2 protein chains.
Amino acid sequence: MNRVKCFHGECSSFIEFIEGSLRDSSVLPVVTIASTRTSLIPGISLAGAEPKLTLLTPTLDVEYLISGEVLTLKLIPTTPEGIPTPALITRACFKLLNLSALVVNAGAFKEPKVPTASLPSRVVGGRIDVEEALPKGTSESLFREAKYLGRLLGSYADLIVIGESMAGGTTTALSIMTALGFNAWGRVSSSSPKNPLSLKEEVVRKALSRLRSGLDVFAVNDLVGDPLHVSIAGLALGAIEAGSRVLLGGGTQMCAVLAILKKLGRLRSDYLAIGTTSWLVRFTPSIKDLVIDIEPKVPIIYSDLSFSNSRFSGLRSYEVGYVKEGVGAGAASILAMLSGFSRDEVLGAIESEYERVAGSA
Amino acid sequence: MNRVKCFHGECSSFIEFIEGSLRDSSVLPVVTIASTRTSLIPGISLAGAEPKLTLLTPTLDVEYLISGEVLTLKLIPTTPEGIPTPALITRACFKLLNLSALVVNAGAFKEPKVPTASLPSRVVGGRIDVEEALPKGTSESLFREAKYLGRLLGSYADLIVIGESMAGGTTTALSIMTALGFNAWGRVSSSSPKNPLSLKEEVVRKALSRLRSGLDVFAVNDLVGDPLHVSIAGLALGAIEAGSRVLLGGGTQMCAVLAILKKLGRLRSDYLAIGTTSWLVRFTPSIKDLVIDIEPKVPIIYSDLSFSNSRFSGLRSYEVGYVKEGVGAGAASILAMLSGFSRDEVLGAIESEYERVAGSA
């Protein structure tokens with residue numbers, strides 16, 4: 001009956017810790033958002049109905065997550081085929097759990113119309129095939145600012161769950177991991193069932209040509225990364241320093257967070273886990289290879305949620321590899337299931353939410 | 001030996017609650033900031049070396065509070081005479097307690113260069129003698145947004161302490177309380193030993209001429225109030241709805257928060273107290289009359305901090321009525337003393353901090 005499963009590592013003590021934190025009402029979810037112009041490269045991201053909308057997706061995702069409505073545009077984020085954002089899953093699960101999320105803005109193209117913790121150095125990331133990712137010094141500032149916030153939040157909750165929304169994120173994650181010396185080629189996920197791996201690699205090779213020797217982690221991220229992953233690394237480290245554990249809610253992008261912490265010499269593997277979806281581990285099992293290459297002790301947990309029997313084709317599309325993960329959907333469903341909600345109850349809550357926002361199958 | 005005292009009401013159970021929350025590390029301090037162009041009226045505010053700097057004071061206050069340095073200008077906020085901001089007290093006490101504050105931006109003239117929770121409807125308030133305070137509908141939005149944040153924070157800490165920084169705030173507080181039907185004339189405090197009461201009243205009478213009958217609380221605040229107090233009201237209500245108690249850290253301005261909650265029918269007096277300084281209750285004892293007029297059950301607690309024996313003239317000036325309160329200084333010193341720090345230890349910490357930032361007496 002246990003619908004939360006282990007994909008890699010020693011998961012059981014972390015799962016028990018999550019259960020205890022849920023019982024103590026001491027789980028605080030954060031959703032970190034940013035934009036990168038890398039998402040504008042045609043074909044690189046399905047996280048938006050068309051490339052230029054991908055810049056807005058993080059903003060629309062959190063507006064919907066927090067308020068139940070999209071405020072900046074009257075448009076729920078979807079893929080070009082109309083498959084809805086995974087924020088739907090996150091929202092439905094948080095509603096079941098009566099949890100509210102804190103949005104952290106690390107560089108969204110547009111400020112969300114919901115309360116948001118803003119990092120002062122936030123900036124939209126550059127298109128990494130043709131320009132530097134961030135103004136010099138930005139990564140270090142974002143990391144420091146996020147760490148302050150992480151330490152603050154970590155003082156009040158036993159478990160900080162960090163989700164993300166940034167279109168183009170698997171491409172910049174590939175760039176970060178490769179630049180930091182990890183073997184990530186062919187291993188990152190995608191919002192598409194046809195992962196455009198060769199396009200991603202072409203983009204990343206152009207970015208990496210910008211590197212020179214002797215750069216530190218932050219300088220590397222300034223040149224070839226993005227504002228999101230380094231901010232999540234700061235949040236996570238701050239929370240851990242304050243005594244919390246951190247569930248990184250996401251797919252292969254969260255491996256870029258691990259890579260940054262590892263290279264900083266600050267990866268505390270006992271205090272971190274990745275929490276994701278069944279679709280991610282099914283369609284991108286290489287997430288395990290990434291973790292093994294970076295820090296094999298970090299567990300990968302996933303929820304055994306299935307949309308096979310959904311009434312809605314938009315949800316059934318997840319079962320053929322669309323979307324897979326995002327906005328902390330996997331982590332949120334892990335929390336719901338560890339709180340005792342059955343697979344059917346979770347699916348029912350998601351379908352009600354789908355019906356409310358999308359209207360029809 | 002107890003240096004935390006009761007100025008009004010039944011304080012003891014609230015003080016015990018604070019002590020318990022401190023023992024459980026479950027006290028979360030928030031500093032809410034905003035600007036109002038009302039502070040530009042010559043003579044109305046000493047919270048800045050000159051009127052135009054008063055718009056920046058909230059930003060500089062929280063930059064200093066969080067980072068130990070003023071980042072936007074290289075200028076610690078002072079009165080025109082050079083008496084330093086009460087943020088000095090707040091910072092020294094939070095350092096003793098190892099507490100970090102969350103900044104909430106409800107409409108600062110300039111975004112602080114420290115992590116800040118931003119309310120999307122934030123806006124600098126208008127100069128209430130000559131213009132409406134806020135665009136129509138803003139107060140209701142700020143209240144709702146702040147309530148979301150308050151509910152989120154209140155889910156993780158037993159006690160939320162809310163301080164504020166906004167120059168011109170006692171004038172707009174007078175306007176709000178009067179407009180809502182409370183007798184506040186002659187009863188609000190000031191950062192000056194010579195409270196410019198007749199100037200404040202002239203400004204407020206002009207503002208009140210804008211009112212018409214049949215307006216609700218939010219419409220009144222849009223016309224004659226400011227972005228700060230209604231946001232604090234939302235934060236406080238949200239935190240209380242989540243099960244926390246709230247210590248409003250400030251002087252007579254916090255009575256405007258009570259007035260807003262009272263008129264909304266949402267003042268939960270068992271869950272709220274005002275926490276302030278010895279200087280405030282000594283120089284502005286009318287705070288008690290305000291509370292009695294609005295909701296007599298709300299206790300007023302203060303810390304018996306004294307700067308009489310300080311080595312620094314800038315601090316001794318507090319003893320003749322300069323500054324008095326702000327940036328949650330009173331509440332922060334209450335927390336420090338209830339944690340067991342003696343009056344001398346608190347004074348010593350403040351003097352070290354003063355020495356670090358101001359250099360000399």
# chains A, B, ... in the order shown; residues from 1 in each chain; ligands from 1
$ interface_residues --of "chain B" --to "chain A" --cutoff "10 Å" --atoms "only C-alpha atoms" --output "PDB file with N, CA and C atoms, in the first residue's frame"
ATOM      1  N   SER B  25      11.958  28.205  20.647  1.00  0.00           N
ATOM      2  CA  SER B  25      12.505  28.766  19.392  1.00  0.00           C
ATOM      3  C   SER B  25      11.408  28.953  18.359  1.00  0.00           C
ATOM      4  N   SER B  26      10.299  29.475  18.800  1.00  0.00           N
ATOM      5  CA  SER B  26       9.155  29.595  17.910  1.00  0.00           C
ATOM      6  C   SER B  26       8.655  31.040  17.822  1.00  0.00           C
ATOM      7  N   VAL B  27       9.622  31.951  17.760  1.00  0.00           N
ATOM      8  CA  VAL B  27       9.322  33.384  17.605  1.00  0.00           C
ATOM      9  C   VAL B  27       9.860  33.832  16.255  1.00  0.00           C
ATOM     10  N   LEU B  28       8.996  34.354  15.426  1.00  0.00           N
ATOM     11  CA  LEU B  28       9.427  34.794  14.094  1.00  0.00           C
ATOM     12  C   LEU B  28       9.206  36.299  13.964  1.00  0.00           C
ATOM     13  N   ILE B  66      19.310  43.606   8.522  1.00  0.00           N
ATOM     14  CA  ILE B  66      19.556  42.251   8.013  1.00  0.00           C
ATOM     15  C   ILE B  66      21.040  42.006   7.755  1.00  0.00           C
ATOM     16  N   SER B  67      21.700  42.980   7.143  1.00  0.00           N
ATOM     17  CA  SER B  67      23.072  42.720   6.680  1.00  0.00           C
ATOM     18  C   SER B  67      24.124  43.376   7.561  1.00  0.00           C
ATOM     19  N   LEU B  99      18.293  35.635  16.196  1.00  0.00           N
ATOM     20  CA  LEU B  99      17.049  35.676  15.418  1.00  0.00           C
ATOM     21  C   LEU B  99      17.280  36.440  14.109  1.00  0.00           C
ATOM     22  N   SER B 100      16.674  35.958  13.046  1.00  0.00           N
ATOM     23  CA  SER B 100      16.689  36.683  11.774  1.00  0.00           C
ATOM     24  C   SER B 100      15.283  37.177  11.489  1.00  0.00           C
ATOM     25  N   ALA B 101      15.190  38.337  10.884  1.00  0.00           N
ATOM     26  CA  ALA B 101      13.869  38.886  10.592  1.00  0.00           C
ATOM     27  C   ALA B 101      13.527  38.692   9.128  1.00  0.00           C
ATOM     28  N   LEU B 102      12.242  38.547   8.883  1.00  0.00           N
ATOM     29  CA  LEU B 102      11.750  38.574   7.503  1.00  0.00           C
ATOM     30  C   LEU B 102      11.227  39.976   7.213  1.00  0.00           C
ATOM     31  N   VAL B 103      11.755  40.587   6.168  1.00  0.00           N
ATOM     32  CA  VAL B 103      11.284  41.909   5.750  1.00  0.00           C
ATOM     33  C   VAL B 103      10.071  41.729   4.844  1.00  0.00           C
ATOM     34  N   VAL B 104       9.036  42.512   5.100  1.00  0.00           N
ATOM     35  CA  VAL B 104       7.873  42.521   4.214  1.00  0.00           C
ATOM     36  C   VAL B 104       7.753  43.921   3.620  1.00  0.00           C
ATOM     37  N   ASN B 105       7.783  43.979   2.309  1.00  0.00           N
ATOM     38  CA  ASN B 105       7.727  45.265   1.613  1.00  0.00           C
ATOM     39  C   ASN B 105       6.293  45.550   1.169  1.00  0.00           C
ATOM     40  N   GLU B 111      13.406  49.377  -3.400  1.00  0.00           N
ATOM     41  CA  GLU B 111      13.484  47.980  -2.945  1.00  0.00           C
ATOM     42  C   GLU B 111      14.779  47.763  -2.173  1.00  0.00           C
ATOM     43  N   PRO B 112      14.708  47.172  -0.984  1.00  0.00           N
ATOM     44  CA  PRO B 112      15.935  46.920  -0.225  1.00  0.00           C
ATOM     45  C   PRO B 112      16.816  45.884  -0.916  1.00  0.00           C
ATOM     46  N   LYS B 113      18.109  46.019  -0.671  1.00  0.00           N
ATOM     47  CA  LYS B 113      19.061  45.059  -1.238  1.00  0.00           C
ATOM     48  C   LYS B 113      19.312  43.897  -0.276  1.00  0.00           C
ATOM     49  N   VAL B 114      18.263  43.437   0.338  1.00  0.00           N
ATOM     50  CA  VAL B 114      18.280  42.226   1.162  1.00  0.00           C
ATOM     51  C   VAL B 114      17.019  41.444   0.794  1.00  0.00           C
ATOM     52  N   PRO B 115      17.011  40.134   1.041  1.00  0.00           N
ATOM     53  CA  PRO B 115      15.829  39.354   0.686  1.00  0.00           C
ATOM     54  C   PRO B 115      14.575  39.902   1.373  1.00  0.00           C
ATOM     55  N   THR B 116      13.523  40.000   0.620  1.00  0.00           N
ATOM     56  CA  THR B 116      12.327  40.704   1.081  1.00  0.00           C
ATOM     57  C   THR B 116      11.092  40.001   0.550  1.00  0.00           C
ATOM     58  N   ALA B 117      10.118  39.805   1.409  1.00  0.00           N
ATOM     59  CA  ALA B 117       8.830  39.317   0.931  1.00  0.00           C
ATOM     60  C   ALA B 117       8.034  40.516   0.430  1.00  0.00           C
ATOM     61  N   SER B 118       7.684  40.475  -0.843  1.00  0.00           N
ATOM     62  CA  SER B 118       7.048  41.633  -1.477  1.00  0.00           C
ATOM     63  C   SER B 118       5.566  41.386  -1.671  1.00  0.00           C
ATOM     64  N   LEU B 119       4.772  42.359  -1.285  1.00  0.00           N
ATOM     65  CA  LEU B 119       3.346  42.283  -1.588  1.00  0.00           C
ATOM     66  C   LEU B 119       3.142  42.852  -2.985  1.00  0.00           C
ATOM     67  N   PRO B 120       2.486  42.108  -3.868  1.00  0.00           N
ATOM     68  CA  PRO B 120       2.388  42.574  -5.260  1.00  0.00           C
ATOM     69  C   PRO B 120       1.703  43.932  -5.410  1.00  0.00           C
ATOM     70  N   SER B 121       0.804  44.287  -4.517  1.00  0.00           N
ATOM     71  CA  SER B 121       0.112  45.583  -4.647  1.00  0.00           C
ATOM     72  C   SER B 121       0.836  46.725  -3.950  1.00  0.00           C
ATOM     73  N   LEU B 142      -3.674  44.742  -0.539  1.00  0.00           N
ATOM     74  CA  LEU B 142      -2.555  44.609   0.401  1.00  0.00           C
ATOM     75  C   LEU B 142      -2.956  43.747   1.591  1.00  0.00           C
ATOM     76  N   ARG B 144      -5.243  41.430   1.759  1.00  0.00           N
ATOM     77  CA  ARG B 144      -5.395  40.021   1.367  1.00  0.00           C
ATOM     78  C   ARG B 144      -4.026  39.367   1.154  1.00  0.00           C
ATOM     79  N   GLU B 145      -3.141  40.084   0.487  1.00  0.00           N
ATOM     80  CA  GLU B 145      -1.805  39.537   0.220  1.00  0.00           C
ATOM     81  C   GLU B 145      -1.034  39.323   1.524  1.00  0.00           C
ATOM     82  N   ALA B 146      -1.129  40.320   2.399  1.00  0.00           N
ATOM     83  CA  ALA B 146      -0.416  40.215   3.681  1.00  0.00           C
ATOM     84  C   ALA B 146      -1.005  39.089   4.516  1.00  0.00           C
ATOM     85  N   LYS B 147      -2.308  38.909   4.429  1.00  0.00           N
ATOM     86  CA  LYS B 147      -2.946  37.844   5.202  1.00  0.00           C
ATOM     87  C   LYS B 147      -2.449  36.473   4.747  1.00  0.00           C
ATOM     88  N   TYR B 148      -2.257  36.313   3.449  1.00  0.00           N
ATOM     89  CA  TYR B 148      -1.698  35.049   2.950  1.00  0.00           C
ATOM     90  C   TYR B 148      -0.349  34.780   3.603  1.00  0.00           C
ATOM     91  N   LEU B 149       0.481  35.805   3.571  1.00  0.00           N
ATOM     92  CA  LEU B 149       1.821  35.673   4.140  1.00  0.00           C
ATOM     93  C   LEU B 149       1.753  35.432   5.644  1.00  0.00           C
ATOM     94  N   ARG B 151      -0.621  34.059   7.309  1.00  0.00           N
ATOM     95  CA  ARG B 151      -1.116  32.707   7.580  1.00  0.00           C
ATOM     96  C   ARG B 151       0.000  31.694   7.359  1.00  0.00           C
ATOM     97  N   LEU B 152       0.782  31.920   6.318  1.00  0.00           N
ATOM     98  CA  LEU B 152       1.903  31.021   6.043  1.00  0.00           C
ATOM     99  C   LEU B 152       2.886  31.050   7.224  1.00  0.00           C
ATOM    100  N   LEU B 153       3.305  32.247   7.619  1.00  0.00           N
ATOM    101  CA  LEU B 153       4.292  32.359   8.699  1.00  0.00           C
ATOM    102  C   LEU B 153       3.718  31.830  10.012  1.00  0.00           C
ATOM    103  N   SER B 155       1.831  29.501  10.483  1.00  0.00           N
ATOM    104  CA  SER B 155       1.771  28.036  10.533  1.00  0.00           C
ATOM    105  C   SER B 155       3.041  27.429  11.108  1.00  0.00           C
ATOM    106  N   TYR B 156       4.092  28.236  11.229  1.00  0.00           N
ATOM    107  CA  TYR B 156       5.388  27.677  11.624  1.00  0.00           C
ATOM    108  C   TYR B 156       5.954  28.268  12.904  1.00  0.00           C
ATOM    109  N   ALA B 157       5.349  29.321  13.444  1.00  0.00           N
ATOM    110  CA  ALA B 157       5.874  29.906  14.672  1.00  0.00           C
ATOM    111  C   ALA B 157       4.704  30.224  15.590  1.00  0.00           C
ATOM    112  N   ASP B 158       4.940  30.075  16.891  1.00  0.00           N
ATOM    113  CA  ASP B 158       3.872  30.347  17.857  1.00  0.00           C
ATOM    114  C   ASP B 158       3.636  31.845  18.015  1.00  0.00           C
TER     115      ASP B 158
END
$ select_by_dssp --residues "range 202-354 of chain A" --states "helix (DSSP H, G or I)" --output "JSON, numbers by chain"
{"A": [202, 203, 204, 205, 206, 207, 208, 217, 218, 219, 220, 221, 222, 223, 224, 227, 228, 229, 230, 231, 232, 233, 234, 235, 236, 237, 238, 239, 240, 241, 253, 254, 255, 256, 257, 258, 259, 260, 261, 262, 263, 269, 270, 271, 278, 279, 280, 281, 282, 283, 287, 288, 289, 290, 291, 292, 293, 294, 313, 314, 315, 316, 317, 318, 319, 320, 329, 330, 331, 332, 333, 334, 335, 336, 337, 338, 343, 344, 345, 346, 347, 348, 349, 350, 351, 352, 353, 354]}
$ write_last_selection --atoms "C-alpha atoms" --output "PDB file, in the first residue's frame"
ATOM      1  CA  GLU A 202      24.627  21.941 -29.218  1.00  0.00           C
ATOM      2  CA  VAL A 203      23.455  24.839 -27.029  1.00  0.00           C
ATOM      3  CA  VAL A 204      25.562  23.686 -24.107  1.00  0.00           C
ATOM      4  CA  ARG A 205      28.698  23.193 -26.217  1.00  0.00           C
ATOM      5  CA  LYS A 206      28.390  26.797 -27.363  1.00  0.00           C
ATOM      6  CA  ALA A 207      27.997  27.916 -23.761  1.00  0.00           C
ATOM      7  CA  LEU A 208      30.959  25.871 -22.553  1.00  0.00           C
ATOM      8  CA  VAL A 217      31.634  27.637  -9.084  1.00  0.00           C
ATOM      9  CA  PHE A 218      29.972  31.038  -9.055  1.00  0.00           C
ATOM     10  CA  ALA A 219      31.985  32.370 -11.990  1.00  0.00           C
ATOM     11  CA  VAL A 220      31.113  29.239 -13.963  1.00  0.00           C
ATOM     12  CA  ASN A 221      27.438  29.740 -13.219  1.00  0.00           C
ATOM     13  CA  ASP A 222      27.641  33.396 -14.220  1.00  0.00           C
ATOM     14  CA  LEU A 223      28.974  32.321 -17.615  1.00  0.00           C
ATOM     15  CA  VAL A 224      26.985  29.192 -18.487  1.00  0.00           C
ATOM     16  CA  PRO A 227      19.680  32.244 -11.752  1.00  0.00           C
ATOM     17  CA  LEU A 228      17.592  29.324 -10.494  1.00  0.00           C
ATOM     18  CA  HIS A 229      19.839  26.438  -9.522  1.00  0.00           C
ATOM     19  CA  VAL A 230      22.402  28.461  -7.611  1.00  0.00           C
ATOM     20  CA  SER A 231      19.563  30.096  -5.658  1.00  0.00           C
ATOM     21  CA  ILE A 232      18.073  26.726  -4.768  1.00  0.00           C
ATOM     22  CA  ALA A 233      21.541  25.633  -3.635  1.00  0.00           C
ATOM     23  CA  GLY A 234      21.692  28.657  -1.339  1.00  0.00           C
ATOM     24  CA  LEU A 235      18.210  28.049   0.038  1.00  0.00           C
ATOM     25  CA  ALA A 236      19.010  24.408   0.699  1.00  0.00           C
ATOM     26  CA  LEU A 237      22.308  25.108   2.394  1.00  0.00           C
ATOM     27  CA  GLY A 238      20.790  27.823   4.578  1.00  0.00           C
ATOM     28  CA  ALA A 239      17.959  25.549   5.653  1.00  0.00           C
ATOM     29  CA  ILE A 240      20.391  22.737   6.468  1.00  0.00           C
ATOM     30  CA  GLU A 241      22.615  25.106   8.445  1.00  0.00           C
ATOM     31  CA  GLN A 253      17.491  19.820 -12.606  1.00  0.00           C
ATOM     32  CA  MET A 254      17.924  19.119  -8.919  1.00  0.00           C
ATOM     33  CA  CYS A 255      21.128  17.282  -9.789  1.00  0.00           C
ATOM     34  CA  ALA A 256      22.522  20.649 -10.906  1.00  0.00           C
ATOM     35  CA  VAL A 257      21.767  21.904  -7.391  1.00  0.00           C
ATOM     36  CA  LEU A 258      23.660  18.926  -5.967  1.00  0.00           C
ATOM     37  CA  ALA A 259      26.533  19.612  -8.361  1.00  0.00           C
ATOM     38  CA  ILE A 260      26.818  23.231  -7.201  1.00  0.00           C
ATOM     39  CA  LEU A 261      26.779  22.253  -3.527  1.00  0.00           C
ATOM     40  CA  LYS A 262      29.247  19.430  -4.152  1.00  0.00           C
ATOM     41  CA  LYS A 263      31.740  21.721  -5.880  1.00  0.00           C
ATOM     42  CA  SER A 269      24.087  14.241   1.852  1.00  0.00           C
ATOM     43  CA  ASP A 270      22.443  13.137   5.107  1.00  0.00           C
ATOM     44  CA  TYR A 271      20.178  16.145   5.052  1.00  0.00           C
ATOM     45  CA  SER A 278       6.998   8.117 -11.214  1.00  0.00           C
ATOM     46  CA  TRP A 279       7.098   9.547 -14.750  1.00  0.00           C
ATOM     47  CA  LEU A 280      10.474  11.124 -14.197  1.00  0.00           C
ATOM     48  CA  VAL A 281      12.100   7.945 -12.949  1.00  0.00           C
ATOM     49  CA  ARG A 282      10.380   5.879 -15.649  1.00  0.00           C
ATOM     50  CA  PHE A 283      11.279   8.098 -18.614  1.00  0.00           C
ATOM     51  CA  ILE A 287      18.735  10.687 -12.930  1.00  0.00           C
ATOM     52  CA  LYS A 288      20.267   7.855 -10.900  1.00  0.00           C
ATOM     53  CA  ASP A 289      23.508   8.021 -12.921  1.00  0.00           C
ATOM     54  CA  LEU A 290      23.695  11.761 -12.311  1.00  0.00           C
ATOM     55  CA  VAL A 291      23.289  11.328  -8.565  1.00  0.00           C
ATOM     56  CA  ILE A 292      25.826   8.500  -8.475  1.00  0.00           C
ATOM     57  CA  ASP A 293      28.302  10.669 -10.351  1.00  0.00           C
ATOM     58  CA  ILE A 294      27.788  13.689  -8.061  1.00  0.00           C
ATOM     59  CA  SER A 313      -6.533  13.084 -21.926  1.00  0.00           C
ATOM     60  CA  GLY A 314      -4.466  16.058 -20.747  1.00  0.00           C
ATOM     61  CA  LEU A 315      -3.504  14.043 -17.690  1.00  0.00           C
ATOM     62  CA  ARG A 316      -3.153  10.713 -19.508  1.00  0.00           C
ATOM     63  CA  SER A 317      -0.494  12.419 -21.651  1.00  0.00           C
ATOM     64  CA  TYR A 318       1.796  12.343 -18.606  1.00  0.00           C
ATOM     65  CA  GLU A 319       1.831   8.553 -19.006  1.00  0.00           C
ATOM     66  CA  VAL A 320       3.516   8.805 -22.398  1.00  0.00           C
ATOM     67  CA  ALA A 329       4.709  18.122  -8.277  1.00  0.00           C
ATOM     68  CA  GLY A 330       6.566  14.947  -7.326  1.00  0.00           C
ATOM     69  CA  ALA A 331       7.438  16.167  -3.859  1.00  0.00           C
ATOM     70  CA  ALA A 332       3.892  17.416  -3.260  1.00  0.00           C
ATOM     71  CA  SER A 333       2.443  14.034  -4.170  1.00  0.00           C
ATOM     72  CA  ILE A 334       5.011  12.330  -1.931  1.00  0.00           C
ATOM     73  CA  LEU A 335       3.842  14.509   0.953  1.00  0.00           C
ATOM     74  CA  ALA A 336       0.183  13.770   0.220  1.00  0.00           C
ATOM     75  CA  MET A 337       0.744  10.033   0.101  1.00  0.00           C
ATOM     76  CA  LEU A 338       2.928   9.978   3.205  1.00  0.00           C
ATOM     77  CA  ARG A 343      -3.499   7.069  -4.785  1.00  0.00           C
ATOM     78  CA  ASP A 344      -7.192   7.386  -5.692  1.00  0.00           C
ATOM     79  CA  GLU A 345      -7.740  10.292  -3.324  1.00  0.00           C
ATOM     80  CA  VAL A 346      -4.755  12.122  -4.773  1.00  0.00           C
ATOM     81  CA  LEU A 347      -5.851  11.415  -8.326  1.00  0.00           C
ATOM     82  CA  GLY A 348      -9.384  12.539  -7.458  1.00  0.00           C
ATOM     83  CA  ALA A 349      -8.107  15.811  -6.043  1.00  0.00           C
ATOM     84  CA  ILE A 350      -6.011  16.421  -9.153  1.00  0.00           C
ATOM     85  CA  GLU A 351      -8.920  15.620 -11.444  1.00  0.00           C
ATOM     86  CA  SER A 352     -11.228  17.998  -9.554  1.00  0.00           C
ATOM     87  CA  GLU A 353      -8.623  20.693  -9.909  1.00  0.00           C
ATOM     88  CA  TYR A 354      -8.169  19.856 -13.602  1.00  0.00           C
TER      89      TYR A 354
END
$ residues_around --residues "Ile44 in chain A" --least-positions-apart "4" --cutoff "7 Å" --atoms "only C-alpha atoms" --output "PyMOL selection string"
chain A and resi 39+168+196+200
$ closest_residue --among "A:Glu295, A:Thr79, A:Ser165, A:Gly125" --to "Glu63 in chain A" --atoms "only C-alpha atoms"
A:Ser165
$ residues_around --residues "Val357 in chain A" --least-positions-apart "5" --cutoff "10 Å" --atoms "only C-alpha atoms" --output "list in words"
Tyr64, Gly68, Glu69, Val70, Leu75, Ile76, Pro84, Leu88, Glu351 and Ser352 of chain A
$ select_by_dssp --residues "range 65-126 of chain A" --states "strand (DSSP E)" --output "number ranges by chain"
A: 102-107, 116-118
$ residues_around --residues "Phe17 in chain B" --least-positions-apart "5" --cutoff "9 Å" --atoms "only C-alpha atoms" --output "PDB file with N, CA and C atoms, in the first residue's frame"
ATOM      1  N   SER B  12       0.222  39.559  31.978  1.00  0.00           N
ATOM      2  CA  SER B  12       1.062  38.452  32.447  1.00  0.00           C
ATOM      3  C   SER B  12       0.929  37.197  31.595  1.00  0.00           C
ATOM      4  N   LEU B  22       9.803  31.704  23.190  1.00  0.00           N
ATOM      5  CA  LEU B  22      11.260  31.861  23.099  1.00  0.00           C
ATOM      6  C   LEU B  22      11.959  30.549  23.456  1.00  0.00           C
ATOM      7  N   ASP B 158       4.940  30.075  16.891  1.00  0.00           N
ATOM      8  CA  ASP B 158       3.872  30.347  17.857  1.00  0.00           C
ATOM      9  C   ASP B 158       3.636  31.845  18.015  1.00  0.00           C
ATOM     10  N   LEU B 159       4.715  32.602  17.877  1.00  0.00           N
ATOM     11  CA  LEU B 159       4.603  34.049  18.071  1.00  0.00           C
ATOM     12  C   LEU B 159       5.201  34.768  16.865  1.00  0.00           C
ATOM     13  N   ARG B 245       0.054  33.787  18.072  1.00  0.00           N
ATOM     14  CA  ARG B 245      -0.221  35.088  18.664  1.00  0.00           C
ATOM     15  C   ARG B 245       0.702  36.109  18.017  1.00  0.00           C
TER      16      ARG B 245
END
$ residues_around --residues "Gly163 in chain A" --least-positions-apart "5" --cutoff "6 Å" --atoms "only C-alpha atoms" --output "list in words"
Val31, Gly249, Val327 and Gly328 of chain A
